[in-house]
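Pasted below: my_file_17.csv, CSV, C-alpha atoms (C1' of nucleotides).
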chain,number,residue,atom,x,y,z
A,15,MET,CA,0.0,0.0,0.0
A,16,ASP,CA,3.0,2.2,0.1
A,17,GLU,CA,3.3,2.5,-3.7
A,18,ILE,CA,0.7,5.2,-3.8
A,19,CYS,CA,2.9,7.5,-1.8
A,20,HIS,CA,5.0,9.4,-4.3
A,21,LYS,CA,6.3,12.2,-2.2
A,22,LYS,CA,8.4,11.5,0.9
A,23,ILE,CA,8.0,14.3,3.4
A,24,ASP,CA,8.9,14.5,7.0
A,25,ILE,CA,5.6,15.7,8.4
A,26,GLY,CA,6.8,16.3,11.9
A,27,SER,CA,9.6,18.6,10.8
A,28,ILE,CA,7.4,20.5,8.4
A,29,LEU,CA,5.0,21.3,11.2
A,30,LYS,CA,7.7,22.3,13.6
A,31,GLU,CA,9.4,24.5,11.1
A,32,LYS,CA,6.2,26.5,10.7
A,33,GLY,CA,5.7,26.7,14.5
A,34,TYR,CA,2.8,24.3,14.7
A,35,LYS,CA,2.3,21.8,17.5
A,36,VAL,CA,2.4,18.3,16.1
A,37,THR,CA,-1.1,17.1,16.6
A,38,GLU,CA,-2.9,14.0,15.4
A,39,ALA,CA,-5.2,16.0,13.2
A,40,ARG,CA,-2.4,17.9,11.4
A,41,VAL,CA,-0.3,14.8,10.9
A,42,SER,CA,-3.3,12.8,9.5
A,43,ILE,CA,-4.3,15.6,7.2
A,44,LEU,CA,-0.8,16.0,5.8
A,45,GLU,CA,-0.5,12.2,5.4
A,46,ILE,CA,-3.7,12.2,3.3
A,47,PHE,CA,-2.3,15.0,1.1
A,48,SER,CA,1.0,13.3,0.7
A,49,GLU,CA,-0.7,10.1,-0.4
A,50,SER,CA,-3.1,11.7,-2.9
A,51,LYS,CA,-2.2,12.5,-6.4
A,52,LEU,CA,-5.1,14.8,-6.8
A,53,PRO,CA,-6.4,18.0,-5.1
A,54,LEU,CA,-8.7,17.4,-2.2
A,55,ASN,CA,-11.5,19.5,-0.7
A,56,ALA,CA,-12.6,19.6,3.0
A,57,GLU,CA,-15.1,16.9,2.5
A,58,ASP,CA,-12.6,14.5,0.9
A,59,ILE,CA,-10.3,15.0,3.8
A,60,TYR,CA,-13.0,14.5,6.3
A,61,LYS,CA,-14.2,11.3,4.7
A,62,ARG,CA,-10.7,9.8,4.5
A,63,LEU,CA,-10.1,10.7,8.1
A,64,LEU,CA,-13.3,8.7,9.0
A,65,LYS,CA,-12.2,5.8,7.0
A,66,ASN,CA,-8.6,5.7,8.4
A,67,LYS,CA,-9.8,5.6,12.0
A,68,LYS,CA,-12.2,2.7,12.2
A,69,GLY,CA,-12.7,2.7,15.9
A,70,ASN,CA,-9.2,2.7,17.2
A,71,LEU,CA,-8.6,6.5,16.9
A,72,LYS,CA,-10.9,9.2,17.8
A,73,ASN,CA,-12.6,11.3,15.0
A,74,ILE,CA,-11.5,14.7,13.9
A,75,ASN,CA,-14.1,17.3,13.7
A,76,GLU,CA,-15.0,19.0,10.4
A,77,ALA,CA,-14.4,22.4,11.9
A,78,THR,CA,-10.9,21.3,12.6
A,79,VAL,CA,-10.4,20.2,9.0
A,80,TYR,CA,-11.5,23.6,7.7
A,81,ARG,CA,-9.3,25.4,10.3
A,82,THR,CA,-6.3,23.2,9.4
A,83,LEU,CA,-6.7,23.6,5.7
A,84,SER,CA,-7.0,27.3,5.9
A,85,SER,CA,-4.1,27.7,8.3
A,86,PHE,CA,-1.9,25.4,6.2
A,87,GLU,CA,-2.7,27.6,3.3
A,88,LYS,CA,-1.6,30.7,5.1
A,89,SER,CA,1.7,29.1,6.1
A,90,GLU,CA,2.2,27.9,2.6
A,91,ILE,CA,2.1,24.2,3.3
A,92,LEU,CA,-0.9,23.9,1.1
A,93,LYS,CA,-2.1,25.7,-2.0
A,94,LYS,CA,-5.7,26.6,-2.8
A,95,ILE,CA,-7.0,25.7,-6.2
A,96,ASP,CA,-10.2,26.7,-7.9
A,97,LEU,CA,-11.5,24.0,-10.2
A,98,ARG,CA,-14.9,25.6,-10.9
A,99,LYS,CA,-16.6,23.2,-8.5
A,100,ASP,CA,-18.8,24.2,-5.6
A,101,SER,CA,-16.0,23.8,-3.0
A,102,VAL,CA,-12.4,24.8,-2.7
A,103,TYR,CA,-9.6,22.3,-3.4
A,104,PHE,CA,-6.1,22.1,-1.9
A,105,GLU,CA,-2.9,20.3,-2.6
A,106,LEU,CA,0.6,20.3,-1.3
A,107,ASN,CA,2.5,23.4,-2.2
A,108,ASN,CA,5.4,21.3,-3.4
A,109,ASP,CA,5.8,21.8,-7.0
A,110,HIS,CA,4.1,24.2,-9.4
A,111,HIS,CA,1.7,22.6,-11.8
A,112,HIS,CA,-1.7,23.0,-13.3
A,113,HIS,CA,-4.9,21.0,-13.8
A,114,LEU,CA,-7.0,19.7,-16.5
A,115,VAL,CA,-10.6,19.3,-15.5
A,116,CYS,CA,-13.1,17.2,-17.6
A,117,LEU,CA,-16.2,19.2,-18.1
A,118,LYS,CA,-18.3,16.0,-18.3
A,119,CYS,CA,-17.1,13.7,-15.6
A,120,GLY,CA,-15.1,16.1,-13.5
A,121,GLU,CA,-11.9,14.1,-13.6
A,122,ILE,CA,-8.8,16.0,-12.8
A,123,GLU,CA,-5.4,15.5,-14.4
A,124,ASP,CA,-2.2,17.2,-13.5
A,125,PHE,CA,-0.3,19.1,-16.1
A,126,LYS,CA,3.2,20.6,-15.8
A,127,GLU,CA,3.7,23.7,-17.7
A,128,ASN,CA,7.2,24.0,-19.1
A,129,LYS,CA,9.7,26.4,-17.6
A,130,ASP,CA,10.2,28.4,-20.8
A,131,MET,CA,6.5,29.1,-21.0
A,132,GLU,CA,6.3,30.3,-17.4
A,133,LYS,CA,9.1,32.7,-18.0
A,134,LEU,CA,7.6,33.9,-21.3
A,135,LEU,CA,4.4,34.5,-19.5
A,136,GLU,CA,6.0,36.6,-16.7
A,137,LYS,CA,7.9,38.7,-19.2
A,138,ILE,CA,4.8,39.5,-21.2
A,139,VAL,CA,2.9,40.4,-18.2
A,140,GLU,CA,5.6,42.7,-16.8
A,141,ARG,CA,5.9,44.5,-20.1
A,142,SER,CA,2.3,45.0,-20.7
A,143,THR,CA,0.7,45.8,-17.3
A,144,LYS,CA,1.2,47.9,-14.3
A,145,PHE,CA,1.7,44.9,-12.0
A,146,LYS,CA,5.3,44.9,-11.2
A,147,THR,CA,5.3,41.9,-8.9
A,148,ILE,CA,3.7,38.8,-10.0
A,149,LYS,CA,3.7,36.4,-7.1
A,150,GLU,CA,1.8,33.5,-8.6
A,151,HIS,CA,-0.6,32.4,-11.2
A,152,SER,CA,-3.2,29.9,-11.7
A,153,LEU,CA,-3.8,28.1,-14.9
A,154,GLU,CA,-6.6,25.6,-15.2
A,155,LEU,CA,-7.7,24.0,-18.4
A,156,PHE,CA,-11.2,22.7,-19.1
A,157,GLY,CA,-12.0,20.1,-21.7
A,158,VAL,CA,-13.2,16.6,-22.3
A,159,CYS,CA,-11.1,13.6,-21.3
A,160,LYS,CA,-10.6,10.5,-23.4
A,161,GLU,CA,-13.1,8.3,-21.6
A,162,CYS,CA,-15.9,10.9,-21.9
A,163,LYS,CA,-15.3,11.3,-25.6
B,20,MET,CA,-21.7,59.5,-20.0
B,21,ASP,CA,-21.5,57.3,-23.1
B,22,GLU,CA,-17.7,57.3,-23.2
B,23,ILE,CA,-17.6,54.5,-20.7
B,24,CYS,CA,-19.4,52.1,-23.1
B,25,HIS,CA,-16.7,50.4,-25.1
B,26,LYS,CA,-18.6,47.5,-26.6
B,27,LYS,CA,-21.6,48.1,-28.8
B,28,ILE,CA,-23.9,45.2,-28.6
B,29,ASP,CA,-27.5,44.8,-29.6
B,30,ILE,CA,-28.9,43.4,-26.4
B,31,GLY,CA,-32.3,42.6,-27.8
B,32,SER,CA,-31.0,40.5,-30.6
B,33,ILE,CA,-28.6,38.6,-28.4
B,34,LEU,CA,-31.4,37.7,-26.1
B,35,LYS,CA,-33.7,36.6,-28.9
B,36,GLU,CA,-31.0,34.6,-30.6
B,37,LYS,CA,-30.6,32.5,-27.4
B,38,GLY,CA,-34.3,32.1,-27.1
B,39,TYR,CA,-34.8,34.4,-24.2
B,40,LYS,CA,-37.8,36.7,-23.6
B,41,VAL,CA,-36.6,40.3,-23.7
B,42,THR,CA,-37.3,41.4,-20.1
B,43,GLU,CA,-36.3,44.5,-18.2
B,44,ALA,CA,-34.1,42.5,-15.9
B,45,ARG,CA,-32.1,40.8,-18.6
B,46,VAL,CA,-31.7,44.0,-20.6
B,47,SER,CA,-30.5,46.0,-17.6
B,48,ILE,CA,-28.1,43.3,-16.5
B,49,LEU,CA,-26.6,43.0,-20.0
B,50,GLU,CA,-26.3,46.8,-20.1
B,51,ILE,CA,-24.4,46.9,-16.9
B,52,PHE,CA,-22.0,44.3,-18.2
B,53,SER,CA,-21.5,46.1,-21.5
B,54,GLU,CA,-20.6,49.3,-19.6
B,55,SER,CA,-18.2,47.7,-17.2
B,56,LYS,CA,-14.6,47.1,-17.9
B,57,LEU,CA,-14.2,44.7,-15.0
B,58,PRO,CA,-15.7,41.5,-13.9
B,59,LEU,CA,-18.8,41.8,-11.7
B,60,ASN,CA,-20.4,39.7,-9.1
B,61,ALA,CA,-24.0,39.3,-8.2
B,62,GLU,CA,-23.8,41.9,-5.5
B,63,ASP,CA,-22.2,44.5,-7.9
B,64,ILE,CA,-25.0,43.9,-10.3
B,65,TYR,CA,-27.7,44.2,-7.7
B,66,LYS,CA,-26.3,47.5,-6.4
B,67,ARG,CA,-26.0,49.0,-9.8
B,68,LEU,CA,-29.6,48.0,-10.6
B,69,LEU,CA,-30.7,49.8,-7.5
B,70,LYS,CA,-28.7,52.9,-8.4
B,71,ASN,CA,-30.0,53.0,-12.0
B,72,LYS,CA,-33.7,52.9,-11.0
B,73,LYS,CA,-34.1,55.7,-8.6
B,74,GLY,CA,-37.8,55.5,-8.2
B,75,ASN,CA,-39.0,55.5,-11.8
B,76,LEU,CA,-38.5,51.8,-12.4
B,77,LYS,CA,-39.3,48.9,-10.2
B,78,ASN,CA,-36.5,47.0,-8.5
B,79,ILE,CA,-35.1,43.7,-9.6
B,80,ASN,CA,-34.9,40.9,-7.0
B,81,GLU,CA,-31.6,39.4,-6.0
B,82,ALA,CA,-32.8,35.9,-6.9
B,83,THR,CA,-33.5,37.1,-10.4
B,84,VAL,CA,-29.9,38.4,-10.6
B,85,TYR,CA,-28.5,35.1,-9.6
B,86,ARG,CA,-30.9,33.2,-11.9
B,87,THR,CA,-30.0,35.5,-14.8
B,88,LEU,CA,-26.3,35.3,-14.3
B,89,SER,CA,-26.3,31.5,-14.1
B,90,SER,CA,-28.6,31.2,-17.1
B,91,PHE,CA,-26.5,33.6,-19.2
B,92,GLU,CA,-23.4,31.6,-18.3
B,93,LYS,CA,-25.1,28.4,-19.5
B,94,SER,CA,-26.0,30.1,-22.8
B,95,GLU,CA,-22.5,31.4,-23.1
B,96,ILE,CA,-23.4,35.1,-23.0
B,97,LEU,CA,-21.4,35.4,-19.9
B,98,LYS,CA,-18.2,33.7,-18.6
B,99,LYS,CA,-17.6,32.8,-15.0
B,100,ILE,CA,-14.3,33.8,-13.5
B,101,ASP,CA,-12.7,32.8,-10.3
B,102,LEU,CA,-10.6,35.5,-8.7
B,103,ARG,CA,-10.0,33.9,-5.3
B,104,LYS,CA,-12.6,36.1,-3.8
B,105,ASP,CA,-15.6,34.9,-1.7
B,106,SER,CA,-18.0,35.3,-4.6
B,107,VAL,CA,-18.1,34.4,-8.2
B,108,TYR,CA,-17.5,36.9,-10.9
B,109,PHE,CA,-18.8,37.2,-14.5
B,110,GLU,CA,-18.0,39.1,-17.6
B,111,LEU,CA,-19.2,39.2,-21.2
B,112,ASN,CA,-18.0,36.2,-23.1
B,113,ASN,CA,-16.8,38.5,-25.9
B,114,ASP,CA,-13.1,38.2,-26.1
B,115,HIS,CA,-10.7,35.9,-24.4
B,116,HIS,CA,-8.4,37.5,-21.8
B,117,HIS,CA,-7.1,37.0,-18.3
B,118,HIS,CA,-6.8,38.9,-15.1
B,119,LEU,CA,-4.3,40.3,-12.7
B,120,VAL,CA,-5.5,40.5,-9.1
B,121,CYS,CA,-3.8,42.5,-6.5
B,122,LEU,CA,-3.3,40.4,-3.4
B,123,LYS,CA,-3.4,43.5,-1.2
B,124,CYS,CA,-6.1,45.8,-2.4
B,125,GLY,CA,-8.0,43.4,-4.6
B,126,GLU,CA,-7.8,45.6,-7.7
B,127,ILE,CA,-8.4,43.8,-11.0
B,128,GLU,CA,-6.6,44.5,-14.3
B,129,ASP,CA,-7.3,42.8,-17.6
B,130,PHE,CA,-4.5,41.1,-19.4
B,131,LYS,CA,-4.5,39.8,-23.0
B,132,GLU,CA,-2.3,36.8,-23.5
B,133,ASN,CA,-0.8,36.8,-27.0
B,134,LYS,CA,-2.0,34.4,-29.6
B,135,ASP,CA,1.4,32.6,-30.0
B,136,MET,CA,1.4,31.7,-26.4
B,137,GLU,CA,-2.2,30.4,-26.4
B,138,LYS,CA,-1.3,28.1,-29.3
B,139,LEU,CA,1.9,27.0,-27.7
B,140,LEU,CA,0.0,26.2,-24.6
B,141,GLU,CA,-2.6,24.1,-26.4
B,142,LYS,CA,0.1,22.1,-28.3
B,143,ILE,CA,2.0,21.3,-25.1
B,144,VAL,CA,-1.2,20.1,-23.4
B,145,GLU,CA,-2.2,18.0,-26.3
B,146,ARG,CA,1.2,16.3,-26.5
B,147,SER,CA,1.6,15.6,-22.9
B,148,THR,CA,-1.9,14.6,-21.6
B,149,LYS,CA,-4.8,12.4,-22.3
B,150,PHE,CA,-7.1,15.3,-22.8
B,151,LYS,CA,-7.7,15.6,-26.5
B,152,THR,CA,-10.2,18.3,-26.5
B,153,ILE,CA,-9.3,21.5,-24.6
B,154,LYS,CA,-12.3,23.7,-24.6
B,155,GLU,CA,-11.1,26.6,-22.6
B,156,HIS,CA,-8.6,27.6,-20.0
B,157,SER,CA,-8.5,30.1,-17.2
B,158,LEU,CA,-5.3,32.0,-16.3
B,159,GLU,CA,-5.3,34.4,-13.5
B,160,LEU,CA,-2.3,36.1,-12.1
B,161,PHE,CA,-1.8,37.3,-8.5
B,162,GLY,CA,0.6,39.9,-7.4
B,163,VAL,CA,0.9,43.4,-6.1
B,164,CYS,CA,-0.1,46.4,-8.1
B,165,LYS,CA,1.9,49.6,-8.4
B,166,GLU,CA,-0.2,51.6,-5.9
B,167,CYS,CA,0.2,49.0,-3.1
B,168,LYS,CA,3.9,48.7,-3.6
C,4,DA,C1',4.2,16.4,37.0
C,5,DC,C1',3.1,21.6,36.1
C,6,DT,C1',1.9,25.3,33.2
C,7,DT,C1',0.1,27.5,29.5
C,8,DA,C1',-0.4,28.9,24.8
C,9,DG,C1',-2.1,26.9,21.2
C,10,DT,C1',-5.7,23.2,19.6
C,11,DT,C1',-9.9,21.0,19.2
C,12,DG,C1',-15.0,19.7,19.6
C,13,DC,C1',-19.4,21.3,19.5
C,14,DA,C1',-23.1,24.1,18.3
C,15,DA,C1',-24.6,28.1,16.5
C,16,DG,C1',-23.8,31.6,13.1
C,17,DT,C1',-22.7,33.6,8.5
C,18,DC,C1',-23.1,34.4,3.8
C,19,DA,C1',-23.4,33.5,-1.1
C,20,DT,C1',-26.4,31.1,-3.8
C,21,DT,C1',-30.6,28.1,-4.8
C,22,DT,C1',-35.3,26.8,-4.9
C,23,DG,C1',-40.5,26.1,-4.4
C,24,DC,C1',-44.4,28.3,-5.4
C,25,DA,C1',-47.7,31.8,-6.5
C,26,DT,C1',-48.1,35.6,-9.4
C,27,DC,C1',-47.0,38.2,-13.4
C,28,DT,C1',-45.5,39.3,-18.2
C,29,DG,C1',-43.6,38.9,-23.0
C,30,DT,C1',-44.8,37.1,-27.2
C,31,DG,C1',-47.2,34.5,-30.7
C,32,DT,C1',-52.1,34.0,-32.0
C,33,DT,C1',-56.7,35.0,-32.8
D,28,DA,C1',-56.5,44.9,-29.1
D,29,DA,C1',-57.6,41.2,-26.0
D,30,DC,C1',-56.2,36.0,-25.1
D,31,DA,C1',-53.5,32.2,-23.7
D,32,DC,C1',-49.6,30.2,-21.8
D,33,DA,C1',-44.8,29.2,-21.3
D,34,DG,C1',-41.5,31.2,-19.4
D,35,DA,C1',-39.9,34.9,-15.9
D,36,DT,C1',-40.0,37.1,-11.5
D,37,DG,C1',-40.6,38.2,-6.4
D,38,DC,C1',-40.6,36.5,-2.0
D,39,DA,C1',-39.4,33.7,1.6
D,40,DA,C1',-37.4,29.7,3.1
D,41,DA,C1',-33.8,26.4,2.4
D,42,DT,C1',-29.2,24.8,1.3
D,43,DG,C1',-24.5,24.1,1.9
D,44,DA,C1',-19.8,25.5,2.4
D,45,DC,C1',-17.4,27.5,5.6
D,46,DT,C1',-16.5,30.3,10.1
D,47,DT,C1',-16.5,31.4,14.9
D,48,DG,C1',-17.2,31.7,20.2
D,49,DC,C1',-16.3,29.3,23.9
D,50,DA,C1',-15.2,25.8,27.1
D,51,DA,C1',-12.5,21.7,27.5
D,52,DC,C1',-8.2,19.6,26.1
D,53,DT,C1',-3.2,18.7,25.0
D,54,DA,C1',1.7,19.2,23.2
D,55,DA,C1',5.8,20.8,24.7
D,56,DG,C1',8.9,23.5,27.4
D,57,DT,C1',10.3,23.9,32.4
Is it possible to give me this structure as structure tokens?
Amino acid sequence: MDEICHKKIDIGSILKEKGYKVTEARVSILEIFSESKLPLNAEDIYKRLLKNKKGNLKNINEATVYRTLSSFEKSEILKKIDLRKDSVYFELNNDHHHHLVCLKCGEIEDFKENKDMEKLLEKIVERSTKFKTIKEHSLELFGVCKECK
Amino acid sequence: MDEICHKKIDIGSILKEKGYKVTEARVSILEIFSESKLPLNAEDIYKRLLKNKKGNLKNINEATVYRTLSSFEKSEILKKIDLRKDSVYFELNNDHHHHLVCLKCGEIEDFKENKDMEKLLEKIVERSTKFKTIKEHSLELFGVCKECK
DNA sequence: ACTTAGTTGCAAGTCATTTGCATCTGTGTT
DNA sequence: AACACAGATGCAAATGACTTGCAACTAAGT
């Protein structure tokens, strides 16, 4: 079951670095993100927490999930993503990439923009606007995936 | 006061083309969009409607605003935009462009990506993913505007 | 073990958006 | 110009994602 985990991260150190107490809720939530290829919303997280702890561990409240997500976003552990769905998605703020969202089934695929393009983009923006400091950008693509075609 | 209007559109024809009845609410809402340079949310629209009709015309209900926006989006008169704010923004689905959002003051500036880049983007995506049909994409940039610097 | 600042659970609150339903109105027809 | 009716609107209540106040709890330094 470890094959799904594709990013090794030391959760304890990350939390301490940011000045967080290392609590069960935070560790579990970060574990879930580190095991997931795809962006997750609060409900996804909550459901997976329930599944993980079948009796032996106590539940984590939904309010805690929301609080944790939003505080992890502020401390830049997570990144917020908008996928034109009715709730907000998050993913680890590890490496910059974008998303393809199927307009029919809602499937999400990652997509890595190439470096040249990112630079090109920033140059164009700096030349043609009055925004001098571009901190980040979001690029999401919407289409139809193979299965739905 | 007509100098603000930078897109001439025949609102009546647009509505009829899409099979809509030409009602006061719809005409007023489209007028507001055609006079605005920037994306607007439901509240913006509602406030402007109130301002426009100082007594002589009857008010338009907020539910109607929401219904109109969402139906205009489905019929592709409007485009929905996510600007990481707490409500959804819309703009006329006329010409493709992107937005710069100031992370401090929330100011929004339009930004036109160049054609070459759009094509490059689509090619990269088609080569590297299993999404064959890209229908649209959203690209929003977040930074700090001159005034806030 | 003691202390306490930071966390969490719970329940109630907020706020954008949606919806059910009765009434009304634009539009094609007579 | 009045008629009929599908579609549009107003109103109020509902929804659903998310937030917050507060009391109880707990990680982590002493």
Would you mind listing, for every residue of stretch 28-110 of chain B within 10 Å of stretch 88-99 of chain A, the two atoms forming the shortest contact and the distance between them in Å to one decimal, using only C-alpha atoms, sorted by chain and ascending residue number, as JSON lines?
{"residue": "B:Lys99", "atom": "CA", "partner": "A:Arg98", "partner_atom": "CA", "distance": 8.7}
{"residue": "B:Ile100", "atom": "CA", "partner": "A:Arg98", "partner_atom": "CA", "distance": 8.6}
{"residue": "B:Asp101", "atom": "CA", "partner": "A:Asp96", "partner_atom": "CA", "distance": 7.0}
{"residue": "B:Leu102", "atom": "CA", "partner": "A:Asp96", "partner_atom": "CA", "distance": 8.8}
{"residue": "B:Arg103", "atom": "CA", "partner": "A:Asp96", "partner_atom": "CA", "distance": 7.7}
{"residue": "B:Val107", "atom": "CA", "partner": "A:Arg98", "partner_atom": "CA", "distance": 9.7}
How far is it from atom C1' of C:DC13 to atom CA of A:Leu64, in Å with one decimal?
17.5 Å
Residue list for chain B near chain C as an MDAnalysis selection string, 8 Å, all atoms listed in the file
chainID B and resid 40:42 85 105:106
Create the file for the chosen residues now, containing C-alpha atoms and written as a PDB file, keeping the file's coordinate frame.
ATOM      1  CA  LYS B  40     -37.800  36.700 -23.600  1.00  0.00           C
ATOM      2  CA  VAL B  41     -36.600  40.300 -23.700  1.00  0.00           C
ATOM      3  CA  THR B  42     -37.300  41.400 -20.100  1.00  0.00           C
ATOM      4  CA  TYR B  85     -28.500  35.100  -9.600  1.00  0.00           C
ATOM      5  CA  ASP B 105     -15.600  34.900  -1.700  1.00  0.00           C
ATOM      6  CA  SER B 106     -18.000  35.300  -4.600  1.00  0.00           C
TER       7      SER B 106
END
At what distance in Å, to one decimal, does atom CA of B:His117 lie from atom CA of B:Leu158?
5.7 Å
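Every protein, DNA or RNA residue with an atom at most 9 Å from A:Ser42, where all atoms listed in the file count and chain neighbours fewer than 5 positions away do not, is listed here: Thr37, Phe47, Leu63 and Asn66 of chain A.
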